[in-house]
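Student: See model_23.pdb below, with PDB, N, CA and C atoms.
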ATOM      1  N   MET A 148      55.398 -31.309  59.125
ATOM      2  CA  MET A 148      54.071 -31.166  59.707
ATOM      3  C   MET A 148      53.188 -30.400  58.724
ATOM      4  N   TYR A 149      51.932 -30.840  58.603
ATOM      5  CA  TYR A 149      50.985 -30.206  57.687
ATOM      6  C   TYR A 149      50.348 -28.983  58.327
ATOM      7  N   PRO A 150      50.100 -27.968  57.525
ATOM      8  CA  PRO A 150      49.364 -26.816  58.074
ATOM      9  C   PRO A 150      47.962 -27.250  58.484
ATOM     10  N   LEU A 151      47.359 -26.510  59.375
ATOM     11  CA  LEU A 151      46.039 -26.834  59.906
ATOM     12  C   LEU A 151      44.996 -27.002  58.801
ATOM     13  N   CYS A 152      44.998 -26.115  57.800
ATOM     14  CA  CYS A 152      43.996 -26.195  56.740
ATOM     15  C   CYS A 152      44.159 -27.477  55.913
ATOM     16  N   ALA A 153      45.380 -27.958  55.747
ATOM     17  CA  ALA A 153      45.589 -29.187  54.980
ATOM     18  C   ALA A 153      45.047 -30.389  55.749
ATOM     19  N   ARG A 154      45.201 -30.398  57.060
ATOM     20  CA  ARG A 154      44.677 -31.500  57.863
ATOM     21  C   ARG A 154      43.164 -31.522  57.833
ATOM     22  N   LYS A 155      42.548 -30.364  57.835
ATOM     23  CA  LYS A 155      41.083 -30.304  57.791
ATOM     24  C   LYS A 155      40.552 -30.901  56.496
ATOM     25  N   GLU A 156      41.245 -30.672  55.407
ATOM     26  CA  GLU A 156      40.788 -31.163  54.112
ATOM     27  C   GLU A 156      40.833 -32.683  54.033
ATOM     28  N   THR A 157      41.705 -33.332  54.802
ATOM     29  CA  THR A 157      41.823 -34.777  54.736
ATOM     30  C   THR A 157      40.883 -35.492  55.690
ATOM     31  N   GLN A 158      40.227 -34.761  56.578
ATOM     32  CA  GLN A 158      39.291 -35.392  57.500
ATOM     33  C   GLN A 158      38.077 -35.891  56.742
ATOM     34  N   LYS A 159      37.542 -37.027  57.199
ATOM     35  CA  LYS A 159      36.353 -37.578  56.566
ATOM     36  C   LYS A 159      35.138 -36.755  56.950
ATOM     37  N   ARG A 160      34.251 -36.609  56.004
ATOM     38  CA  ARG A 160      32.994 -35.920  56.264
ATOM     39  C   ARG A 160      31.875 -36.937  56.167
ATOM     40  N   HIS A 161      30.963 -36.873  57.103
ATOM     41  CA  HIS A 161      29.866 -37.818  57.136
ATOM     42  C   HIS A 161      28.569 -37.136  56.735
ATOM     43  N   MET A 162      27.816 -37.795  55.891
ATOM     44  CA  MET A 162      26.529 -37.279  55.477
ATOM     45  C   MET A 162      25.559 -37.411  56.647
ATOM     46  N   LYS A 163      24.802 -36.350  56.928
ATOM     47  CA  LYS A 163      23.881 -36.362  58.054
ATOM     48  C   LYS A 163      22.424 -36.422  57.623
ATOM     49  N   PHE A 164      22.154 -36.059  56.372
ATOM     50  CA  PHE A 164      20.777 -36.070  55.902
ATOM     51  C   PHE A 164      20.742 -36.309  54.403
ATOM     52  N   VAL A 165      19.570 -36.671  53.913
ATOM     53  CA  VAL A 165      19.356 -36.809  52.478
ATOM     54  C   VAL A 165      18.114 -36.021  52.102
ATOM     55  N   VAL A 166      18.119 -35.480  50.910
ATOM     56  CA  VAL A 166      16.951 -34.796  50.366
ATOM     57  C   VAL A 166      16.267 -35.791  49.440
ATOM     58  N   VAL A 167      15.000 -36.034  49.682
ATOM     59  CA  VAL A 167      14.238 -37.005  48.892
ATOM     60  C   VAL A 167      13.281 -36.239  47.992
ATOM     61  N   ASN A 168      13.310 -36.537  46.710
ATOM     62  CA  ASN A 168      12.423 -35.893  45.741
ATOM     63  C   ASN A 168      11.622 -36.943  44.996
ATOM     64  N   GLY A 169      10.337 -36.685  44.831
ATOM     65  CA  GLY A 169       9.498 -37.553  44.017
ATOM     66  C   GLY A 169       9.137 -38.881  44.667
ATOM     67  N   ARG A 170       9.185 -38.958  45.974
ATOM     68  CA  ARG A 170       8.843 -40.213  46.650
ATOM     69  C   ARG A 170       8.141 -39.890  47.967
ATOM     70  N   THR A 171       6.946 -40.382  48.124
ATOM     71  CA  THR A 171       6.193 -40.197  49.356
ATOM     72  C   THR A 171       6.498 -41.363  50.281
ATOM     73  N   PRO A 172       6.851 -41.084  51.548
ATOM     74  CA  PRO A 172       7.164 -42.189  52.462
ATOM     75  C   PRO A 172       5.931 -43.027  52.785
ATOM     76  N   ARG A 173       6.163 -44.316  53.021
ATOM     77  CA  ARG A 173       5.080 -45.210  53.444
ATOM     78  C   ARG A 173       5.466 -45.810  54.770
ATOM     79  N   PRO A 174       4.667 -45.866  55.748
ATOM     80  CA  PRO A 174       3.327 -45.288  55.828
ATOM     81  C   PRO A 174       3.409 -43.763  55.889
ATOM     82  N   GLN A 175       2.256 -43.119  55.819
ATOM     83  CA  GLN A 175       2.206 -41.658  55.837
ATOM     84  C   GLN A 175       3.004 -41.128  57.021
ATOM     85  N   SER A 176       3.900 -40.162  56.753
ATOM     86  CA  SER A 176       4.754 -39.584  57.788
ATOM     87  C   SER A 176       4.445 -38.113  57.975
ATOM     88  N   PHE A 177       4.901 -37.599  59.112
ATOM     89  CA  PHE A 177       4.691 -36.196  59.445
ATOM     90  C   PHE A 177       6.023 -35.581  59.861
ATOM     91  N   CYS A 178       6.161 -34.286  59.618
ATOM     92  CA  CYS A 178       7.380 -33.559  59.937
ATOM     93  C   CYS A 178       7.661 -33.647  61.439
ATOM     94  N   ALA A 179       8.905 -33.957  61.784
ATOM     95  CA  ALA A 179       9.299 -34.096  63.183
ATOM     96  C   ALA A 179       9.254 -32.772  63.933
ATOM     97  N   LEU A 180       9.266 -31.654  63.220
ATOM     98  CA  LEU A 180       9.254 -30.353  63.891
ATOM     99  C   LEU A 180       7.882 -29.695  63.880
ATOM    100  N   CYS A 181       7.267 -29.577  62.698
ATOM    101  CA  CYS A 181       6.011 -28.809  62.599
ATOM    102  C   CYS A 181       4.776 -29.690  62.443
ATOM    103  N   CYS A 182       4.961 -31.002  62.307
ATOM    104  CA  CYS A 182       3.871 -31.990  62.213
ATOM    105  C   CYS A 182       3.044 -31.915  60.928
ATOM    106  N   LYS A 183       3.535 -31.192  59.899
ATOM    107  CA  LYS A 183       2.839 -31.199  58.612
ATOM    108  C   LYS A 183       3.044 -32.544  57.939
ATOM    109  N   SER A 184       2.101 -32.910  57.105
ATOM    110  CA  SER A 184       2.191 -34.158  56.352
ATOM    111  C   SER A 184       3.378 -34.094  55.389
ATOM    112  N   ILE A 185       4.152 -35.170  55.309
ATOM    113  CA  ILE A 185       5.302 -35.226  54.404
ATOM    114  C   ILE A 185       4.802 -35.512  52.996
ATOM    115  N   GLY A 186       5.240 -34.682  52.043
ATOM    116  CA  GLY A 186       4.828 -34.850  50.655
ATOM    117  C   GLY A 186       5.879 -35.597  49.848
ATOM    118  N   GLU A 187       5.963 -35.288  48.555
ATOM    119  CA  GLU A 187       6.884 -35.979  47.661
ATOM    120  C   GLU A 187       8.327 -35.520  47.801
ATOM    121  N   SER A 188       8.554 -34.381  48.429
ATOM    122  CA  SER A 188       9.912 -33.881  48.651
ATOM    123  C   SER A 188      10.076 -33.587  50.137
ATOM    124  N   TYR A 189      11.139 -34.133  50.719
ATOM    125  CA  TYR A 189      11.356 -33.928  52.145
ATOM    126  C   TYR A 189      12.820 -34.202  52.480
ATOM    127  N   VAL A 190      13.208 -33.904  53.714
ATOM    128  CA  VAL A 190      14.557 -34.143  54.204
ATOM    129  C   VAL A 190      14.477 -35.248  55.250
ATOM    130  N   ARG A 191      15.402 -36.195  55.164
ATOM    131  CA  ARG A 191      15.423 -37.291  56.145
ATOM    132  C   ARG A 191      16.791 -37.326  56.809
ATOM    133  N   GLU A 192      16.790 -37.265  58.142
ATOM    134  CA  GLU A 192      18.037 -37.351  58.902
ATOM    135  C   GLU A 192      18.439 -38.818  59.000
ATOM    136  N   LEU A 193      19.683 -39.114  58.665
ATOM    137  CA  LEU A 193      20.123 -40.497  58.582
ATOM    138  C   LEU A 193      20.279 -41.171  59.946
ATOM    139  N   THR A 194      20.804 -40.468  60.928
ATOM    140  CA  THR A 194      21.069 -41.114  62.210
ATOM    141  C   THR A 194      19.803 -41.417  63.000
ATOM    142  N   THR A 195      18.830 -40.511  62.956
ATOM    143  CA  THR A 195      17.595 -40.710  63.720
ATOM    144  C   THR A 195      16.460 -41.243  62.866
ATOM    145  N   ARG A 196      16.603 -41.164  61.554
ATOM    146  CA  ARG A 196      15.576 -41.556  60.579
ATOM    147  C   ARG A 196      14.326 -40.684  60.675
ATOM    148  N   LEU A 197      14.465 -39.487  61.253
ATOM    149  CA  LEU A 197      13.342 -38.556  61.324
ATOM    150  C   LEU A 197      13.180 -37.861  59.980
ATOM    151  N   SER A 198      11.935 -37.540  59.627
ATOM    152  CA  SER A 198      11.634 -36.838  58.375
ATOM    153  C   SER A 198      11.202 -35.415  58.689
ATOM    154  N   TYR A 199      11.595 -34.495  57.817
ATOM    155  CA  TYR A 199      11.236 -33.084  57.936
ATOM    156  C   TYR A 199      10.622 -32.646  56.614
ATOM    157  N   CYS A 200       9.601 -31.789  56.670
ATOM    158  CA  CYS A 200       8.892 -31.397  55.459
ATOM    159  C   CYS A 200       9.756 -30.591  54.493
ATOM    160  N   ASP A 201      10.771 -29.893  55.008
ATOM    161  CA  ASP A 201      11.673 -29.138  54.141
ATOM    162  C   ASP A 201      12.975 -28.832  54.876
ATOM    163  N   ASP A 202      13.908 -28.197  54.167
ATOM    164  CA  ASP A 202      15.206 -27.901  54.756
ATOM    165  C   ASP A 202      15.125 -26.882  55.883
ATOM    166  N   ASN A 203      14.123 -26.023  55.860
ATOM    167  CA  ASN A 203      13.975 -25.031  56.929
ATOM    168  C   ASN A 203      13.634 -25.703  58.259
ATOM    169  N   CYS A 204      12.719 -26.663  58.243
ATOM    170  CA  CYS A 204      12.379 -27.389  59.474
ATOM    171  C   CYS A 204      13.580 -28.183  59.968
ATOM    172  N   TYR A 205      14.333 -28.792  59.068
ATOM    173  CA  TYR A 205      15.525 -29.536  59.474
ATOM    174  C   TYR A 205      16.528 -28.602  60.135
ATOM    175  N   ALA A 206      16.785 -27.452  59.512
ATOM    176  CA  ALA A 206      17.742 -26.497  60.062
ATOM    177  C   ALA A 206      17.261 -25.946  61.406
ATOM    178  N   ASP A 207      15.971 -25.656  61.520
ATOM    179  CA  ASP A 207      15.429 -25.153  62.789
ATOM    180  C   ASP A 207      15.565 -26.202  63.881
ATOM    181  N   ASN A 208      15.354 -27.450  63.554
ATOM    182  CA  ASN A 208      15.495 -28.516  64.549
ATOM    183  C   ASN A 208      16.947 -28.625  65.013
ATOM    184  N   CYS A 209      17.892 -28.461  64.098
ATOM    185  CA  CYS A 209      19.308 -28.511  64.463
ATOM    186  C   CYS A 209      19.667 -27.366  65.400
ATOM    187  N   LYS A 210      19.084 -26.197  65.174
ATOM    188  CA  LYS A 210      19.347 -25.045  66.047
ATOM    189  C   LYS A 210      18.837 -25.297  67.460
ATOM    190  N   VAL A 211      17.721 -26.010  67.582
ATOM    191  CA  VAL A 211      17.135 -26.302  68.883
ATOM    192  C   VAL A 211      17.890 -27.441  69.562
ATOM    193  N   ALA A 212      18.263 -28.451  68.803
ATOM    194  CA  ALA A 212      18.879 -29.655  69.377
ATOM    195  C   ALA A 212      20.307 -29.425  69.860
ATOM    196  N   ALA A 213      21.078 -28.623  69.166
ATOM    197  CA  ALA A 213      22.489 -28.440  69.514
ATOM    198  C   ALA A 213      22.689 -27.927  70.936
ATOM    199  N   PRO A 214      22.010 -26.873  71.359
ATOM    200  CA  PRO A 214      22.199 -26.420  72.749
ATOM    201  C   PRO A 214      21.768 -27.459  73.784
ATOM    202  N   MET A 215      20.715 -28.226  73.495
ATOM    203  CA  MET A 215      20.274 -29.256  74.439
ATOM    204  C   MET A 215      21.320 -30.359  74.564
ATOM    205  N   LEU A 216      21.937 -30.750  73.450
ATOM    206  CA  LEU A 216      22.974 -31.779  73.493
ATOM    207  C   LEU A 216      24.204 -31.292  74.261
ATOM    208  N   GLN A 217      24.561 -30.023  74.080
ATOM    209  CA  GLN A 217      25.708 -29.471  74.798
ATOM    210  C   GLN A 217      25.436 -29.436  76.294
ATOM    211  N   LYS A 218      24.221 -29.057  76.676
ATOM    212  CA  LYS A 218      23.843 -29.013  78.092
ATOM    213  C   LYS A 218      23.881 -30.415  78.684
ATOM    214  N   HIS A 219      23.387 -31.390  77.939
ATOM    215  CA  HIS A 219      23.399 -32.777  78.412
ATOM    216  C   HIS A 219      24.835 -33.293  78.576
ATOM    217  N   ALA A 220      25.714 -32.933  77.646
ATOM    218  CA  ALA A 220      27.100 -33.378  77.701
ATOM    219  C   ALA A 220      27.820 -32.783  78.917
ATOM    220  N   ARG A 221      27.529 -31.544  79.243
ATOM    221  CA  ARG A 221      28.147 -30.906  80.404
ATOM    222  C   ARG A 221      27.672 -31.563  81.704
ATOM    223  N   ALA A 222      26.413 -31.980  81.741
ATOM    224  CA  ALA A 222      25.845 -32.576  82.944
ATOM    225  C   ALA A 222      26.398 -33.981  83.182
ATOM    226  N   SER A 223      26.866 -34.637  82.145
ATOM    227  CA  SER A 223      27.354 -36.028  82.285
ATOM    228  C   SER A 223      28.683 -36.109  82.975
TER
END
Could you spell out this file's structure in structure tokens?
Tutor:
Amino acid sequence: MYPLCARKETQKRHMKFVVVNGRTPRPQSFCALCCKSIGESYVRELTTRLSYCDDNCYADNCKVAAPMLQKHARAS
């Protein structure tokens, strides 16, 4: 039997977002959290395709979304 840490290392990791540099989205997009205009550098969440103006807005959105998802899962 493998130790717990060895099993964790073999688990697949899925990319959840990409950092885009030097490319402005078309049509003009706005940050999903703060509504600022998206410039040439931004973060895009892969599953929802939402754009965030920077990594701070993405991280703040994750902090807000996680408790809501847990509450929804408990209610189901």
Student: Pull out every residue that the PyMOL selection byres (((chain A and resi 202 and name CA) around 10) and name CA) matches in the shown coordinates and put them as a ChimeraX atom specification.
Tutor: /A:164,166,189-191,199-201,203-208
Student: Please, what distance in Å, to one decimal, runs between CA of Glu187 (chain A) and atom N of Lys210 (chain A)?
Tutor: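 Spanning CA of Glu187 (chain A) to atom N of Lys210 (chain A) is a straight-line distance of 23.5 Å.
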Student: Taking 5 positions as the minimum chain separation for residues in the same chain, which residues sit within 6.5 Å of Ser176 (chain A) when counting only N, CA and C atoms? Answer as number ranges by chain.
Tutor: A: 183-185
Student: Mind pulling up the distance from atom N of Val211 (chain A) to atom C of Thr171 (chain A)?
Tutor: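 One can read the atom C of Thr171 (chain A) to atom N of Val211 (chain A) distance as 25.7 Å.
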